[in-house]
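A.B. asks: Please read through the structure below; I'll follow up with questions.
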Amino acid sequence: MTQPTTKELRELVGRLTLEQKVRLLTGADEWGLHAEPAVGLRRMVLSDGPSGIRGEHWDGRFPVLNLPSATALSASWDVSLAFRYGAILATEARRMGADVVLGPTINLHRSPLGGRHFEAYSEDPLLTSRTAAAFVRGVQDGGVGATPKHYVGNDAETDRLTVDNRISERALRELYLAAFEDTVVNERPWMVMSAYNAVNGTTMTENELLAEPLCGEWDFDGVVVSDWWAARSTEPAARARQDLVMPGPDGPWSDKLVAAVRAGQVPEEAVDEKVLRILRLAARVGALKGWEPAVAAPPPAEDGPALAREAATAGFVLAQNKGELPWKKEELTSVAVIGHNAFQARTQGGGSASVEPDYTVSPLQGLRAALPGVRVDWHLGTIVQRGIEPFTGDEVTHPVSQQPGVRLIARADDGTVLVDEYRRDPDLVRLGTPRLAQASELELSFRYHPSRSGQVRIGAATAGGLRLLVDGAELLNEELVHTGEVFGGGLVAPPSASVPVEVTAGRPVDITVHLKPVQQAGKGYAITLVVGQDLETATPEEEITAAVDAARTADVALVVVGTSPEVESESFDRTSLSLPGRQDELVQAVAAANPRTVVVVNAGAPVLTPWRDQVAAVLLTWFGGQEYGNALADVLLGTVEPGGRLPTTWPATEQDVPILSTTPTDGQLPYEEGIHIGYRAWLRSGAVPAYPFGHGLGYTTWDLPGADVPTTLSAGSDLDMAVRVRNTGQRHGKYVVQVYLSRTDSEVDRPIRWLAGFATGPAGPDETTTARIIVPARAFQHWADFGWHTESGAYRVHIGLSATDLPLTATVRIS
């Protein structure tokens with residue numbers, strides 16, 4: 001559709017006073033931008049996040065689609081799937097009233113300790129860039145703005161607000177900026193988010209990198225929005241290419257920026273350019289009167305849960321398989337399902353990317369649904385996620401309507417009812433909203449329907465004065481004190497209290513919780529209230545013994561291990577790559593009892609797997625989205641191929657990892673490794689990982705009979721090649737052919753090998769197909785003396801199925 005010209009936008013800017021213009025440059029509130037009737041501008045809404053669209057609300061009143069994590073998406077190596085993933089997020093954004101999606105997150109996996117790896121794609125800039133570009137295209141083809149973030153160098157969470165990442169010009173260009181470049185240049189995102197951190201001495205909201213290469217060389221014409229509270233200065237940030245400060249209405253600009261312009265410290269022309277770009281964004285999303293949106297007819301929407309299930313299986317990586325998988329359904333009579341994460345699966349990581357779906361499917365639920373008539377028993381084994389496991393929507397009913405759900409009442413000091421509403425379950429992780437700012441007491445009530453008899457610990461995770469009543473009897477009356485972090489209106493890792501209760505299957509239990517919440521000093525009104533079971537046990541040895549006994553008598557054993565919200569989340573990095581708790585011990589004990597033990601790893605980033613040689617199969621499943629359990633059953637039973645290949649290297653030991661620390665010294669974090677990160681650093685060190693970059697098995701086998709690779713190439717040209725791929729197994733499968741380059745006689749430092757291209761596709765049993773792969777000219781180039789250069793001479797082309805499995809080679813000579 002026709003969009004306004006720059007001249008027409010300048011005319012609109014000219015109608016506004018300085019105060020009106022500056023007002024548009026800071027958010028109106030946490031998620032919205034100001035309207036301006038003088039130019040026909042309506043309010044626009046921005047929304048997290050990369051794996052689900054929350055809209056403007058943190059408090060769970062509006063359930064949304066929960067897709068698999070970014071690591072799961074990139075593990076598919078499937079750009080067509082990334083496009084569809086972005087497109088369904090555009091559909092969700094429109095449903096939730098959002099104009100712009102704050103994603104994708106395309107920072108690199110520099111160290112496996114990075115706490116937010118689940119939200120980013122890969123350790124390789126090419127795989128990251130291609131996945132992100134397809135995501136952005138999918139979102140914006142749906143008429144919604146996309147926001148690549150966090151520009152640039154936000155590759156860890158430790159001291160992220162203040163850390164100064166010292167990165168060489170070459171590493172910036174070939175790695176960290178390269179992850180953004182193709183997306184910005186080719187897909188033209190409507191917004192880019194600047195990061196919290198500094199790069200080479202200057203915080204990113206003031207950094208020259210916003211001007212060059214982003215807006216100059218790459219010709220970005222959209223809005224640069226700050227990460228939330230990242231902009232801290234008036235004049236330096238306003239003179240930079242920073243356009244929009246979030247959230248609002250307070251911030252470092254507003255009246256201070258008006259004064260700075262009046263004093264001649266900031267040119268009014270700079271303000272005008274920022275307003276122009278915000279109006280351009282408004283025209284694109286349909287928020288500017290008189291102009292049709294850039295996309296008038298978005299593509300038809302897909303079935304969201306179906307896509308979530310497909311994306312999960314496409315990203316599952318079968319890391320090893322001793323002929324155990326897939327299981328044959330007709331041969332199973334009993335399955336021992338073991339592990340905390342089998343019952344309480346992690347479908348997403350913590351922080352701003354998290355959303356609240358209408359439901360989630362655990363591995364236990366998925367297998368039970370897929371195996372009717374088969375005995376599928378669950379045993380805890382060991383605690384992973386400490387705290388309260390909330391009752392689910394199918395376990396609770398509203399005390400009045402008796403329909404699935406719970407009742408939430410908020411009262412003022414004088415007893416006046418402020419809120420009386422239905423919620424679908426008692427998992428209220430973020431209640432700190434303005435609607436409840438005057439509430440002095442909350443009451444949560446429901447009827448719990450236990451599915452089995454015995455003792456359960458019923459409790460709550462929250463902060464403040466807590467009273468818990470079970471069938472009218474007060475069993476808890478405690479003051480819970482929270483000393484941790486507040487995030488998004490809720491409490492990160494709140495304290496909890498619980499009490500043992502004897503229950504009988506089929507006999508409902510009435511539960512009422514009264515809470516007098518506390519004001520978090522300097523943090524606003526933050527409330528979390530989660531009611532459910534405390535899986536903590538006083539007899540951990542008995543839990544492991546019971547799991548082992550169950551495995552010994554079952555046909556097969558499935559152990560689901562993983563991380564917890566206290567391990568992988570925004571705002572902090574990991575301290576170890578080991579699985580939390582006694583999970584390694586549990587796996588080893590179960591594997592000793594049953595040789596048909598399959599281990600599923602439910603983690604968003606690499607963990608150590610010291611038991612991998614002792615088990616029959618290892619399946620890496622990331623954070624699998626709301627359909628996780630169903631997708632897992634699909635793969636375990638062979639209904640669907642596990643389609644993933646590793647987007648990042650998984651180490652055998654922590655000592656082997658070439659780049660581990662994310663902790664600054666005196667405020668600085670030197671990227672001393674230069675261009676050697678991820679598999680590049682592993683190849684240079686010579687250490688052997690547990691599972692290399694690009695690795696992944698399926699339920700069939702592959703051969704590469706040959707490739708047609710030109711022998712000569714002109715500098716600056718793409719390399720167009722064809723690789724023959726043969727499915728040598730008995731099942732339909734998915735191939736992921738990878739192409740790497742190397743150059744031994746180079747005048748510059750280079751990686752041993754670097755990813756230059758890839759292709760995915762299907763093939764049936766004994767079928768031979770051809771994968772066409774175009775290696776871009778940039779893959780042959782290096783950055784030096786403020787420009788891109790191509791060395792003439794011979795480059796080795798390596799073709800195969802992972803960074804270390806490369807059976808085909810060829811030589812191309814660049815003239």
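How things are named: the first chain in the structure tokens is A, the next is B, and so on; residues count from 1 in each chain; ligands count from 1 in the order shown.
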Running DSSP on the backbone, which parts of stretch 483-643 of chain A land in strand (DSSP E or B), as JSON, numbers by chain?
C.D. replies: {"A": [486, 487, 490, 491, 496, 497, 498, 499, 500, 501, 502, 503, 509, 510, 511, 512, 513, 514, 515, 516, 520, 524, 529, 530, 531, 532, 533, 534, 556, 557, 558, 559, 560, 561, 562, 569, 572, 597, 598, 599, 600, 601, 602, 617, 618, 619, 620]}
A.B. asks: Excluding same-chain residues fewer than 3 positions from stretch 351-360 of chain A, what lies within 8 Å of it counting only C-alpha atoms, as a PyMOL selection string?
C.D. replies: chain A and resi 48-54+60+62-66+119+347-348+393+487-488+569-571+625-628
A.B. asks: Any chance you could export the current selection's C-alpha atoms as a JSON list (two decimals), in the first residue's frame?
C.D. replies:
```json
[["chain", "number", "residue", "atom", "x", "y", "z"],
["A", 48, "ASP", "CA", 7.08, -8.64, 24.46],
["A", 49, "GLY", "CA", 8.09, -11.10, 23.35],
["A", 50, "PRO", "CA", 9.97, -13.33, 20.99],
["A", 51, "SER", "CA", 8.08, -16.57, 21.79],
["A", 52, "GLY", "CA", 4.60, -15.30, 22.60],
["A", 53, "ILE", "CA", 2.75, -11.98, 22.63],
["A", 54, "ARG", "CA", 1.75, -10.87, 26.10],
["A", 60, "GLY", "CA", -2.34, -13.36, 33.28],
["A", 62, "PHE", "CA", -5.44, -12.82, 28.87],
["A", 63, "PRO", "CA", -3.92, -16.21, 27.99],
["A", 64, "VAL", "CA", -1.74, -16.25, 24.89],
["A", 65, "LEU", "CA", 0.11, -18.69, 22.67],
["A", 66, "ASN", "CA", 3.39, -20.04, 24.13],
["A", 119, "GLU", "CA", 15.83, -16.40, 24.04],
["A", 347, "THR", "CA", 7.91, -24.58, 28.33],
["A", 348, "GLN", "CA", 9.66, -21.19, 28.30],
["A", 393, "GLY", "CA", -6.85, -25.57, 35.55],
["A", 487, "PHE", "CA", 10.49, -8.14, 37.58],
["A", 488, "GLY", "CA", 7.51, -7.06, 35.51],
["A", 569, "SER", "CA", 16.25, -16.49, 33.15],
["A", 570, "GLU", "CA", 16.69, -12.91, 32.13],
["A", 571, "SER", "CA", 18.59, -10.68, 34.62],
["A", 625, "GLY", "CA", 6.23, -24.38, 24.28],
["A", 626, "GLN", "CA", 2.74, -25.18, 25.47],
["A", 627, "GLU", "CA", 2.43, -28.34, 23.33],
["A", 628, "TYR", "CA", 5.74, -29.70, 24.64]]
```
A.B. asks: Could you pull the residues within 10 Å of A:Val567, counting only C-alpha atoms, minus those fewer than 3 positions along the same chain, as JSON, numbers by chain?
C.D. replies: {"A": [113, 115, 116, 349, 350, 385, 562, 563, 564, 570, 572, 573, 574, 575, 576, 577, 579, 580, 603]}
A.B. asks: Would you kindly return, as number ranges by chain, each protein, DNA or RNA residue with an atom no farther than 7 Å from any atom of A:Pro651, considering only C-alpha atoms and excluding same-chain residues fewer than 6 positions away?
C.D. replies: A: 608, 657, 689-691
A.B. asks: With N, CA and C atoms retained, write the just-selected residues as a PDB file, in the first residue's frame.
C.D. replies:
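And here's out30.pdb as it stands now:
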```pdb
ATOM      1  N   LEU A 608      25.699 -30.084  31.215  1.00  0.00           N
ATOM      2  CA  LEU A 608      26.609 -31.222  31.187  1.00  0.00           C
ATOM      3  C   LEU A 608      25.814 -32.525  31.260  1.00  0.00           C
ATOM      4  N   VAL A 657      35.395 -25.755  28.055  1.00  0.00           N
ATOM      5  CA  VAL A 657      34.730 -24.655  27.357  1.00  0.00           C
ATOM      6  C   VAL A 657      35.732 -23.525  27.110  1.00  0.00           C
ATOM      7  N   PRO A 689      33.962 -31.685  22.279  1.00  0.00           N
ATOM      8  CA  PRO A 689      32.724 -31.492  23.044  1.00  0.00           C
ATOM      9  C   PRO A 689      31.922 -32.780  23.156  1.00  0.00           C
ATOM     10  N   ALA A 690      30.905 -32.745  23.995  1.00  0.00           N
ATOM     11  CA  ALA A 690      29.987 -33.887  24.052  1.00  0.00           C
ATOM     12  C   ALA A 690      29.240 -34.007  22.733  1.00  0.00           C
ATOM     13  N   TYR A 691      28.730 -32.869  22.245  1.00  0.00           N
ATOM     14  CA  TYR A 691      27.987 -32.845  20.989  1.00  0.00           C
ATOM     15  C   TYR A 691      28.364 -31.574  20.239  1.00  0.00           C
TER      16      TYR A 691
END
```
A.B. asks: Tell me, as an mmCIF file with all heavy atoms, in the first residue's frame, which residues lie within 7 Å of A:Gly86, counting only C-alpha atoms; anything in the same chain fewer than 5 positions away does not count.
C.D. replies:
```
data_model
loop_
_atom_site.group_PDB
_atom_site.id
_atom_site.type_symbol
_atom_site.label_atom_id
_atom_site.label_comp_id
_atom_site.auth_asym_id
_atom_site.auth_seq_id
_atom_site.Cartn_x
_atom_site.Cartn_y
_atom_site.Cartn_z
ATOM 1 N N PHE A 135 12.075 -14.650 10.649
ATOM 2 C CA PHE A 135 11.160 -14.262 11.723
ATOM 3 C C PHE A 135 10.615 -12.862 11.462
ATOM 4 O O PHE A 135 9.402 -12.619 11.527
ATOM 5 C CB PHE A 135 11.925 -14.322 13.045
ATOM 6 C CG PHE A 135 11.162 -13.883 14.268
ATOM 7 C CD1 PHE A 135 10.751 -14.808 15.209
ATOM 8 C CD2 PHE A 135 10.913 -12.543 14.524
ATOM 9 C CE1 PHE A 135 10.085 -14.405 16.363
ATOM 10 C CE2 PHE A 135 10.246 -12.124 15.667
ATOM 11 C CZ PHE A 135 9.834 -13.065 16.588
ATOM 12 N N VAL A 136 11.503 -11.908 11.173
ATOM 13 C CA VAL A 136 11.090 -10.526 10.939
ATOM 14 C C VAL A 136 10.166 -10.445 9.727
ATOM 15 O O VAL A 136 9.136 -9.756 9.748
ATOM 16 C CB VAL A 136 12.324 -9.629 10.750
ATOM 17 C CG1 VAL A 136 11.927 -8.249 10.207
ATOM 18 C CG2 VAL A 136 13.067 -9.475 12.070
ATOM 19 N N GLY A 138 8.189 -12.744 8.602
ATOM 20 C CA GLY A 138 6.893 -13.294 8.970
ATOM 21 C C GLY A 138 6.054 -12.329 9.782
ATOM 22 O O GLY A 138 4.846 -12.185 9.561
ATOM 23 N N VAL A 139 6.686 -11.656 10.747
ATOM 24 C CA VAL A 139 5.957 -10.692 11.577
ATOM 25 C C VAL A 139 5.448 -9.534 10.726
ATOM 26 O O VAL A 139 4.272 -9.153 10.785
ATOM 27 C CB VAL A 139 6.863 -10.170 12.714
ATOM 28 C CG1 VAL A 139 6.191 -9.003 13.442
ATOM 29 C CG2 VAL A 139 7.170 -11.281 13.714
#
```
A.B. asks: Identify, with DSSP run on backbone atoms, the residues in stretch 283-359 of chain A assigned to alpha helix (DSSP H), and express the list as an NGL selection string.
C.D. replies: :A and (283-285 or 304-315 or 340-343)
A.B. asks: Filtering to all heavy atoms, could you give me those residues as a short mmCIF file (atom, residue, chain, number, x, y, z; two decimals), in the first residue's frame?
C.D. replies:
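Contents of the output file part_14.cif:
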```
data_model
loop_
_atom_site.label_atom_id
_atom_site.label_comp_id
_atom_site.auth_asym_id
_atom_site.auth_seq_id
_atom_site.Cartn_x
_atom_site.Cartn_y
_atom_site.Cartn_z
N ALA A 283 2.57 5.10 10.42
CA ALA A 283 1.95 4.88 9.11
C ALA A 283 2.04 3.41 8.72
O ALA A 283 1.08 2.85 8.16
CB ALA A 283 2.65 5.75 8.06
N ARG A 284 3.15 2.77 9.02
CA ARG A 284 3.33 1.38 8.63
C ARG A 284 2.34 0.46 9.36
O ARG A 284 1.84 -0.51 8.78
CB ARG A 284 4.77 0.95 8.92
CG ARG A 284 5.75 1.52 7.92
CD ARG A 284 7.21 1.35 8.33
NE ARG A 284 8.11 1.64 7.21
CZ ARG A 284 9.41 1.83 7.32
NH1 ARG A 284 9.99 1.77 8.52
NH2 ARG A 284 10.15 2.09 6.25
N VAL A 285 2.07 0.72 10.64
CA VAL A 285 1.19 -0.17 11.40
C VAL A 285 -0.26 0.27 11.33
O VAL A 285 -1.14 -0.38 11.93
CB VAL A 285 1.65 -0.27 12.87
CG1 VAL A 285 3.07 -0.78 12.97
CG2 VAL A 285 1.48 1.06 13.61
N GLY A 304 -2.46 -21.97 16.00
CA GLY A 304 -1.33 -21.69 16.88
C GLY A 304 -0.80 -22.89 17.63
O GLY A 304 0.41 -23.19 17.56
N PRO A 305 -1.64 -23.63 18.37
CA PRO A 305 -1.13 -24.80 19.07
C PRO A 305 -0.53 -25.86 18.13
O PRO A 305 0.46 -26.50 18.47
CB PRO A 305 -2.37 -25.33 19.79
CG PRO A 305 -3.21 -24.12 20.01
CD PRO A 305 -3.01 -23.29 18.78
N ALA A 306 -1.12 -26.02 16.95
CA ALA A 306 -0.57 -26.99 16.00
C ALA A 306 0.83 -26.57 15.55
O ALA A 306 1.74 -27.40 15.43
CB ALA A 306 -1.49 -27.14 14.79
N LEU A 307 1.02 -25.27 15.31
CA LEU A 307 2.34 -24.79 14.93
C LEU A 307 3.32 -24.94 16.09
O LEU A 307 4.49 -25.29 15.88
CB LEU A 307 2.27 -23.34 14.48
CG LEU A 307 3.61 -22.73 14.06
CD1 LEU A 307 4.21 -23.48 12.88
CD2 LEU A 307 3.46 -21.25 13.74
N ALA A 308 2.86 -24.69 17.31
CA ALA A 308 3.73 -24.86 18.48
C ALA A 308 4.22 -26.30 18.59
O ALA A 308 5.39 -26.55 18.88
CB ALA A 308 2.98 -24.45 19.75
N ARG A 309 3.33 -27.24 18.31
CA ARG A 309 3.69 -28.66 18.38
C ARG A 309 4.67 -29.02 17.27
O ARG A 309 5.67 -29.72 17.51
CB ARG A 309 2.41 -29.49 18.27
CG ARG A 309 2.57 -30.98 18.48
CD ARG A 309 1.19 -31.60 18.63
NE ARG A 309 1.21 -33.05 18.81
CZ ARG A 309 0.14 -33.76 19.18
NH1 ARG A 309 -1.01 -33.15 19.39
NH2 ARG A 309 0.23 -35.08 19.33
N GLU A 310 4.42 -28.52 16.07
CA GLU A 310 5.31 -28.79 14.95
C GLU A 310 6.69 -28.18 15.17
O GLU A 310 7.73 -28.81 14.90
CB GLU A 310 4.70 -28.24 13.66
CG GLU A 310 5.57 -28.44 12.44
CD GLU A 310 5.02 -27.75 11.21
OE1 GLU A 310 3.85 -27.31 11.23
OE2 GLU A 310 5.78 -27.63 10.22
N ALA A 311 6.72 -26.93 15.65
CA ALA A 311 8.00 -26.26 15.87
C ALA A 311 8.82 -26.96 16.95
O ALA A 311 10.05 -27.01 16.87
CB ALA A 311 7.76 -24.80 16.25
N ALA A 312 8.15 -27.51 17.96
CA ALA A 312 8.87 -28.22 19.00
C ALA A 312 9.57 -29.45 18.44
O ALA A 312 10.78 -29.64 18.65
CB ALA A 312 7.91 -28.61 20.12
N THR A 313 8.85 -30.27 17.69
CA THR A 313 9.47 -31.49 17.15
C THR A 313 10.56 -31.15 16.13
O THR A 313 11.56 -31.85 16.04
CB THR A 313 8.41 -32.39 16.49
OG1 THR A 313 7.79 -31.70 15.40
CG2 THR A 313 7.36 -32.82 17.48
N ALA A 314 10.38 -30.06 15.39
CA ALA A 314 11.38 -29.68 14.39
C ALA A 314 12.68 -29.27 15.04
O ALA A 314 13.74 -29.34 14.39
CB ALA A 314 10.84 -28.53 13.54
N GLY A 315 12.62 -28.84 16.31
CA GLY A 315 13.83 -28.41 17.00
C GLY A 315 14.42 -29.42 17.95
O GLY A 315 15.54 -29.23 18.45
N HIS A 340 11.30 -34.39 37.97
CA HIS A 340 10.50 -33.22 38.30
C HIS A 340 9.99 -32.55 37.04
O HIS A 340 8.81 -32.18 36.93
CB HIS A 340 11.38 -32.25 39.11
CG HIS A 340 10.64 -31.17 39.81
ND1 HIS A 340 11.08 -30.59 40.97
CD2 HIS A 340 9.48 -30.54 39.52
CE1 HIS A 340 10.23 -29.65 41.36
NE2 HIS A 340 9.26 -29.61 40.50
N ASN A 341 10.88 -32.39 36.04
CA ASN A 341 10.48 -31.71 34.82
C ASN A 341 9.53 -32.54 33.96
O ASN A 341 8.92 -32.01 33.03
CB ASN A 341 11.71 -31.33 34.00
CG ASN A 341 12.45 -30.14 34.60
OD1 ASN A 341 12.79 -30.15 35.77
ND2 ASN A 341 12.68 -29.12 33.80
N ALA A 342 9.39 -33.82 34.24
CA ALA A 342 8.38 -34.61 33.55
C ALA A 342 6.99 -34.23 34.00
O ALA A 342 6.01 -34.33 33.24
CB ALA A 342 8.61 -36.10 33.80
N PHE A 343 6.88 -33.75 35.23
CA PHE A 343 5.60 -33.37 35.81
C PHE A 343 5.37 -31.87 35.68
O PHE A 343 4.28 -31.40 35.41
CB PHE A 343 5.57 -33.77 37.28
CG PHE A 343 4.32 -33.40 38.03
CD1 PHE A 343 3.17 -34.14 37.85
CD2 PHE A 343 4.30 -32.32 38.90
CE1 PHE A 343 2.00 -33.80 38.54
CE2 PHE A 343 3.15 -31.98 39.58
CZ PHE A 343 2.00 -32.72 39.40
#
```
A.B. asks: If you count only C-alpha atoms, which residues fall within 8 Å of stretch 271-273 of chain A, apart from same-chain ones fewer than 2 positions away, as a list in words?
C.D. replies: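 The neighbour list is Arg10, Val13, Lys21, Val22, Ala238, Pro267, Glu268, Glu269, Val275, Leu276 and Arg277 of chain A.
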